[in-house]
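Structure data follow from entry_14.txt (compact mmCIF, C-alpha atoms):
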# COMPACT_ATOMS: atom_id res chain seq x y z
CA MET D 1 159.63 135.65 -108.86
CA ASP D 2 156.24 137.08 -107.94
CA ILE D 3 157.00 140.00 -105.61
CA ARG D 4 154.27 140.51 -103.01
CA SER D 5 155.64 143.62 -101.30
CA LEU D 6 154.61 146.92 -102.88
CA GLY D 7 157.62 148.46 -101.17
CA PHE D 8 160.10 146.18 -102.91
CA ARG D 9 158.12 146.09 -106.15
CA THR D 10 158.36 149.86 -106.46
CA ASP D 11 162.00 149.87 -105.25
CA LEU D 12 162.93 147.59 -108.13
CA ALA D 13 160.85 149.54 -110.64
CA LEU D 14 162.71 152.72 -109.68
CA LEU D 15 166.09 151.02 -110.01
CA ARG D 16 165.20 149.65 -113.46
CA LEU D 17 164.12 153.09 -114.64
CA SER D 18 167.36 154.57 -113.28
CA GLY D 19 169.44 152.18 -115.35
CA SER D 20 170.29 149.59 -112.71
CA VAL D 21 170.45 145.93 -113.69
CA VAL D 22 167.62 143.92 -112.11
CA GLU D 23 167.65 140.16 -112.73
CA ASP D 24 165.05 137.61 -111.65
CA ARG D 25 167.03 134.51 -110.66
CA GLY D 26 164.12 132.37 -109.53
CA THR D 27 164.52 132.24 -105.76
CA TYR D 28 165.82 135.81 -105.56
CA VAL D 29 166.12 139.05 -107.53
CA ALA D 30 169.55 140.63 -107.92
CA ALA D 31 169.70 144.44 -108.21
CA ARG D 32 173.01 146.00 -109.22
CA THR D 33 173.99 149.64 -109.85
CA PRO D 34 177.52 149.66 -111.30
CA GLU D 35 177.49 153.47 -111.73
CA ASN D 36 177.00 153.96 -107.97
CA PRO D 37 178.77 151.06 -106.22
CA THR D 38 178.48 152.64 -102.75
CA PHE D 39 174.67 152.76 -103.02
CA ARG D 40 173.78 149.88 -100.70
CA TRP D 41 170.12 149.69 -101.69
CA GLY D 42 171.03 149.83 -105.34
CA ASN D 43 173.16 146.70 -104.90
CA PHE D 44 171.12 144.10 -103.04
CA ASP D 45 169.52 140.67 -103.31
CA LEU D 46 165.78 140.35 -102.70
CA LEU D 47 165.09 136.88 -101.33
CA ALA D 48 161.76 135.18 -101.97
CA ALA D 49 161.73 133.78 -98.42
CA PRO D 50 163.93 133.69 -95.31
CA PRO D 51 166.77 131.16 -95.72
CA SER D 52 167.32 128.30 -93.31
CA ALA D 53 170.54 128.13 -91.31
CA GLU D 54 171.84 125.54 -93.80
CA GLU D 55 171.12 127.86 -96.75
CA VAL D 56 172.76 130.99 -95.32
CA PRO D 57 176.36 130.23 -96.46
CA ALA D 58 175.22 129.80 -100.07
CA VAL D 59 173.13 132.99 -99.95
CA LEU D 60 176.12 135.04 -98.77
CA ALA D 61 178.59 133.32 -101.10
CA ARG D 62 176.59 134.14 -104.22
CA TYR D 63 176.19 137.77 -103.08
CA ASP D 64 179.95 138.07 -102.49
CA ALA D 65 180.70 136.48 -105.87
CA ASP D 66 178.51 139.07 -107.60
CA LEU D 67 180.07 142.00 -105.72
CA PRO D 68 183.62 140.94 -104.87
CA ASP D 69 184.88 144.51 -104.35
CA GLY D 70 182.06 145.67 -102.08
CA ASP D 71 182.54 146.26 -98.37
CA PHE D 72 178.89 145.62 -97.49
CA ARG D 73 176.10 143.09 -97.88
CA THR D 74 172.48 144.13 -98.34
CA LEU D 75 169.54 141.76 -98.50
CA GLY D 76 165.78 142.22 -98.64
CA VAL D 77 163.19 139.56 -97.90
CA ASP D 78 159.90 139.66 -99.78
CA GLY D 79 156.64 139.71 -97.81
CA ARG D 80 154.26 142.09 -96.10
CA ALA D 81 154.66 141.14 -92.43
CA ASP D 82 157.42 141.22 -89.82
CA GLN D 83 159.73 138.23 -90.42
CA SER D 84 162.23 138.83 -87.61
CA ASP D 85 162.03 135.38 -86.02
CA ALA D 86 162.63 133.55 -89.31
CA LEU D 87 165.71 135.69 -90.04
CA ALA D 88 167.65 134.69 -86.94
CA PRO D 89 170.15 132.61 -89.01
CA LEU D 90 171.19 135.71 -91.00
CA VAL D 91 171.42 137.85 -87.87
CA ALA D 92 173.57 135.16 -86.25
CA VAL D 93 176.26 135.58 -88.94
CA GLY D 94 176.49 139.35 -88.53
CA LEU D 95 173.75 140.99 -90.59
CA ALA D 96 171.71 143.70 -88.90
CA LEU D 97 167.95 143.47 -89.23
CA ASP D 98 165.98 146.59 -90.10
CA HIS D 99 162.34 147.27 -90.85
CA GLY D 100 160.66 149.93 -92.91
CA THR D 101 156.98 150.80 -92.80
CA VAL D 102 155.28 150.75 -96.18
CA LEU D 103 152.46 153.29 -96.37
CA THR D 104 149.95 153.52 -99.19
CA ALA D 105 147.18 155.92 -100.17
CA THR D 106 144.37 155.86 -102.72
CA THR D 107 143.22 159.34 -101.69
CA THR D 108 144.83 162.10 -99.62
CA HIS D 109 143.69 165.25 -97.83
CA ALA D 110 145.32 168.51 -96.78
CA PRO D 111 147.62 168.41 -93.73
CA PRO D 112 146.29 169.75 -90.43
CA ARG D 113 148.74 172.69 -90.58
CA PRO D 114 149.34 173.69 -94.21
CA ASN D 115 152.24 176.06 -94.78
CA ALA D 116 151.36 179.10 -96.89
CA GLU D 117 154.87 180.62 -96.90
CA VAL D 118 156.58 178.16 -99.20
CA ARG D 119 156.41 178.11 -102.99
CA LEU D 120 155.94 174.62 -104.42
CA ARG D 121 157.32 173.74 -107.84
CA ARG D 122 159.24 171.12 -109.79
CA LEU D 123 163.03 171.07 -109.82
CA THR D 124 164.33 172.03 -113.25
CA SER D 125 167.52 174.09 -113.24
CA ASP D 126 171.14 173.24 -112.49
CA ASP D 127 170.87 175.29 -109.30
CA ASP D 128 167.72 173.41 -108.23
CA TRP D 129 169.51 170.07 -108.52
CA ALA D 130 172.66 171.35 -106.82
CA GLN D 131 170.46 172.47 -103.92
CA ARG D 132 168.79 169.07 -103.88
CA ALA D 133 172.20 167.37 -103.33
CA ALA D 134 173.12 169.94 -100.67
CA LEU D 135 169.79 169.34 -98.92
CA SER D 136 170.52 165.59 -98.70
CA ILE D 137 173.90 166.33 -97.14
CA ALA D 138 172.34 168.70 -94.59
CA VAL D 139 169.61 166.19 -93.71
CA ASP D 140 172.12 163.38 -93.08
CA ALA D 141 174.85 165.47 -91.44
CA ASP D 142 174.32 163.80 -88.04
CA ASP D 143 174.42 160.28 -89.49
CA PRO D 144 177.87 158.60 -89.23
CA ASP D 145 177.53 157.70 -92.94
CA GLY D 146 176.23 161.13 -93.91
CA ASP D 147 179.39 163.15 -93.60
CA GLY D 148 182.59 163.38 -95.59
CA PRO D 149 183.57 163.22 -99.27
CA ALA D 150 182.21 159.71 -99.86
CA TYR D 151 178.69 160.70 -98.88
CA ARG D 152 178.92 163.96 -100.81
CA LEU D 153 179.85 162.00 -103.94
CA PHE D 154 176.95 159.61 -103.33
CA ALA D 155 174.49 162.50 -102.89
CA GLU D 156 175.68 164.19 -106.06
CA ARG D 157 175.45 160.94 -108.05
CA ARG D 158 171.97 160.29 -106.71
CA ALA D 159 170.84 163.78 -107.70
CA LEU D 160 172.16 163.21 -111.22
CA SER D 161 170.30 159.90 -111.41
CA ASN D 162 167.08 161.50 -110.12
CA ARG D 163 167.38 164.31 -112.66
CA ALA D 164 167.86 161.81 -115.47
CA LEU D 165 164.68 160.00 -114.36
CA CYS D 166 162.77 163.27 -114.57
CA GLU D 167 164.19 164.26 -117.95
CA ALA D 168 163.28 160.82 -119.32
CA GLY D 169 159.67 161.36 -118.24
CA HIS D 170 159.60 158.66 -115.55
CA ALA D 171 159.46 160.95 -112.52
CA THR D 172 159.00 164.46 -111.22
CA TRP D 173 161.01 166.01 -108.40
CA TRP D 174 159.35 168.71 -106.36
CA GLY D 175 160.66 171.32 -103.98
CA ALA D 176 159.34 173.72 -101.37
CA PHE D 177 161.20 177.04 -101.60
CA LEU D 178 161.49 179.95 -99.21
CA GLY D 179 162.61 182.67 -101.57
CA ASP D 180 165.22 180.95 -103.72
CA ARG D 181 166.25 178.46 -101.04
CA LEU D 182 165.17 174.81 -101.29
CA VAL D 183 164.03 173.70 -97.84
CA SER D 184 162.15 170.47 -98.64
CA ALA D 185 162.15 168.10 -101.59
CA MET D 186 160.73 164.78 -102.74
CA GLY D 187 160.29 162.79 -105.89
CA LEU D 188 157.42 160.81 -107.36
CA VAL D 189 158.21 157.97 -109.75
CA ASP D 190 155.70 156.28 -112.04
CA ALA D 191 156.29 152.61 -111.15
CA GLY D 192 153.70 151.23 -113.59
CA ASP D 193 150.60 149.11 -112.94
CA GLY D 194 148.84 152.10 -111.37
CA LEU D 195 151.56 152.56 -108.72
CA ALA D 196 153.57 155.71 -108.05
CA ARG D 197 156.36 155.77 -105.50
CA PHE D 198 157.43 158.68 -103.32
CA GLN D 199 161.19 158.93 -103.05
CA SER D 200 163.70 160.74 -100.82
CA VAL D 201 161.34 162.92 -98.76
CA GLU D 202 163.72 165.41 -97.15
CA THR D 203 163.27 168.63 -95.16
CA HIS D 204 166.15 170.78 -93.95
CA PRO D 205 166.61 170.43 -90.16
CA ASP D 206 166.24 174.20 -89.71
CA HIS D 207 162.76 174.17 -91.26
CA ARG D 208 161.04 171.19 -89.68
CA GLY D 209 157.88 171.36 -87.61
CA ARG D 210 156.31 174.08 -89.79
CA GLY D 211 154.00 171.96 -91.95
CA ILE D 212 156.25 172.25 -95.00
CA ALA D 213 156.71 168.54 -95.70
CA GLY D 214 153.00 167.76 -95.26
CA THR D 215 152.06 170.59 -97.59
CA LEU D 216 154.49 169.33 -100.23
CA VAL D 217 153.44 165.66 -99.84
CA HIS D 218 149.81 166.66 -100.38
CA ARG D 219 150.68 168.65 -103.51
CA VAL D 220 152.81 165.87 -104.98
CA ALA D 221 150.11 163.30 -104.18
CA ALA D 222 147.59 165.38 -106.15
CA HIS D 223 150.04 165.40 -109.05
CA GLY D 224 150.32 161.61 -108.79
CA PHE D 225 146.58 161.04 -108.96
CA ASP D 226 145.63 163.78 -111.41
CA GLU D 227 148.57 163.90 -113.82
CA VAL D 228 150.44 160.60 -113.48
CA GLY D 229 147.19 158.62 -113.29
CA ALA D 230 148.25 156.53 -110.30
CA ARG D 231 145.64 154.57 -108.40
CA THR D 232 147.88 153.84 -105.40
CA LEU D 233 150.71 155.93 -103.97
CA VAL D 234 153.48 154.09 -102.13
CA MET D 235 155.92 155.40 -99.56
CA VAL D 236 158.48 153.63 -97.32
CA ALA D 237 159.37 155.25 -94.00
CA ASP D 238 161.43 154.60 -90.90
CA PRO D 239 158.87 153.61 -88.23
CA ASP D 240 160.94 155.33 -85.52
CA TYR D 241 161.42 158.61 -87.38
CA GLY D 242 159.02 161.46 -86.70
CA ALA D 243 158.34 162.14 -90.40
CA ILE D 244 156.07 159.10 -90.58
CA ARG D 245 153.43 161.13 -88.71
CA VAL D 246 153.48 163.68 -91.55
CA TYR D 247 152.56 161.02 -94.11
CA ARG D 248 149.78 159.65 -91.95
CA SER D 249 148.43 163.16 -91.42
CA VAL D 250 147.57 163.52 -95.13
CA GLY D 251 145.93 160.10 -95.48
CA PHE D 252 148.66 157.48 -95.92
CA ARG D 253 148.05 154.22 -94.03
CA ASP D 254 150.53 151.61 -92.79
CA THR D 255 150.02 148.52 -94.96
CA GLU D 256 153.27 146.48 -94.88
CA VAL D 257 156.47 145.85 -92.99
CA GLN D 258 159.49 145.91 -95.31
CA THR D 259 162.28 143.61 -94.13
CA GLN D 260 165.92 144.47 -94.84
CA LEU D 261 169.28 143.27 -93.57
CA ASP D 262 172.71 144.77 -94.01
CA GLN D 263 176.29 144.31 -92.99
CA ARG D 264 178.64 147.28 -93.34
CA ALA D 265 181.88 145.28 -93.41
CA ARG D 266 182.41 141.72 -94.45
Structure encoded using structure tokens:
Amino acid sequence: MDIRSLGFRTDLALLRLSGSVVEDRGTYVAARTPENPTFRWGNFDLLAAPPSAEEVPAVLARYDADLPDGDFRTLGVDGRADQSDALAPLVAVGLALDHGTVLTATTTHAPPRPNAEVRLRRLTSDDDWAQRAALSIAVDADDPDGDGPAYRLFAERRALSNRALCEAGHATWWGAFLGDRLVSAMGLVDAGDGLARFQSVETHPDHRGRGIAGTLVHRVAAHGFDEVGARTLVMVADPDYGAIRVYRSVGFRDTEVQTQLDQRAR
């Protein structure tokens, strides 16, 4: 399957590097992460095109057969434009439609308000990675899915997976520190073919609005161009979340709409 979306292409590259199983099945790609079964976007089918109403039962049946113990369904649809109208048959059977904005950059510039207080460096130590998991929990504390032991376990597993990517030489994870406290973090993964993908851009709620994330994005972008050798940097963001303005402020441009659907209980 020839994947047109840079968002999904880099998503799948990151999953492969993390040890997930990614299989091209002709009309769709199946991504599975047995080590983290609650990771919805590590266990999804990427469809080549929107299914017709007649095809929907077969699409869901094959997903359920692959993941019989899961309590969710997650589907992506390849393409670069909004496909909402064509996905009405999936919405009609209970899947929620969501869109991400794919931003890309071939050059970047400093943010309008750089932060000179923070110290920027890679995450390396056990304490760094423990703080990275704790930061994720703090960032998602107001999300209904971001609280409780299940999410804490997910965040800790994800941090372990991210650390393994770094130690294998596929990625670097960066942090902005005030003293010894991690207040913002993000990863950059070498996705191959001249692409590098930003991952999990997070800033603690108590430290937002101070130019920290923009300063760190700019530093990590320079690393991507100068040390990774990337020609294009890729980032996927929630179009309704304020952080997207940070990415645009350092030179990222909106280039695609990423189409996703999910169902939390089936």
Exercise. Excluding same-chain residues fewer than 4 positions from region 13-21 of chain D, what lies within 6 Å of it counting all atoms listed in the file, as number ranges by chain?
Worked result: D: 31-33, 191
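Nearest-residue note for Thr106 (chain D): choosing from D:Ala58, D:Val189, D:Leu123, D:Val250, the minimum distance belongs to D:Val250, counting all atoms listed in the file.
Residue nearest Ala138 (chain D) within the list D:Leu67, D:Leu120, D:Val59, D:Ala155: D:Ala155 [criterion: smallest interatomic distance, only C-alpha atoms].
Distance annotation: of D:Asp11, D:Asp193, D:Asp254, D:Asp2, the residue with the minimal separation from Thr27 (chain D) is D:Asp2; atom set is all atoms listed in the file.
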Problem set entry | Between CA of Thr104 (chain D) and CA of Val234 (chain D) - distance in Å to one decimal | 4.6 Å
Problem set entry | D:Ala133, D:Val91, D:Ile3, D:Met235 ranked by distance to Ser161 (chain D), top pick (using all atoms listed in the file) | D:Ala133
Closest contacts (region 202-229 of chain D/region 174-182 of chain D, max 9 Å, only C-alpha atoms) as a Markdown table:
| residue | atom | partner | partner_atom | distance |
| --- | --- | --- | --- | --- |
| D:Thr203 | CA | D:Leu182 | CA | 8.9 |
| D:His204 | CA | D:Leu182 | CA | 8.4 |
| D:Ile212 | CA | D:Ala176 | CA | 7.2 |
| D:Ala213 | CA | D:Ala176 | CA | 8.1 |
| D:Thr215 | CA | D:Ala176 | CA | 8.8 |
| D:Leu216 | CA | D:Ala176 | CA | 6.6 |
| D:Val220 | CA | D:Trp174 | CA | 7.3 |
Seminar exercise, completed: Between D:Val246, D:Ala116, D:Leu195, D:Leu87, smallest distance to Gly229 (chain D) by only C-alpha atoms belongs to D:Leu195
For this session: Rank nothing, just name the residue among D:Arg40, D:Arg158, D:His218, D:Arg119 nearest to Tyr247 (chain D), using only C-alpha atoms.
Result: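 Of D:Arg40, D:Arg158, D:His218, D:Arg119, the one nearest Tyr247 (chain D), counting only C-alpha atoms, is D:His218.
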Exercise. CA of Arg4 (chain D) to CA of Tyr28 (chain D): how many Å, to one decimal?
Worked result: 12.7 Å
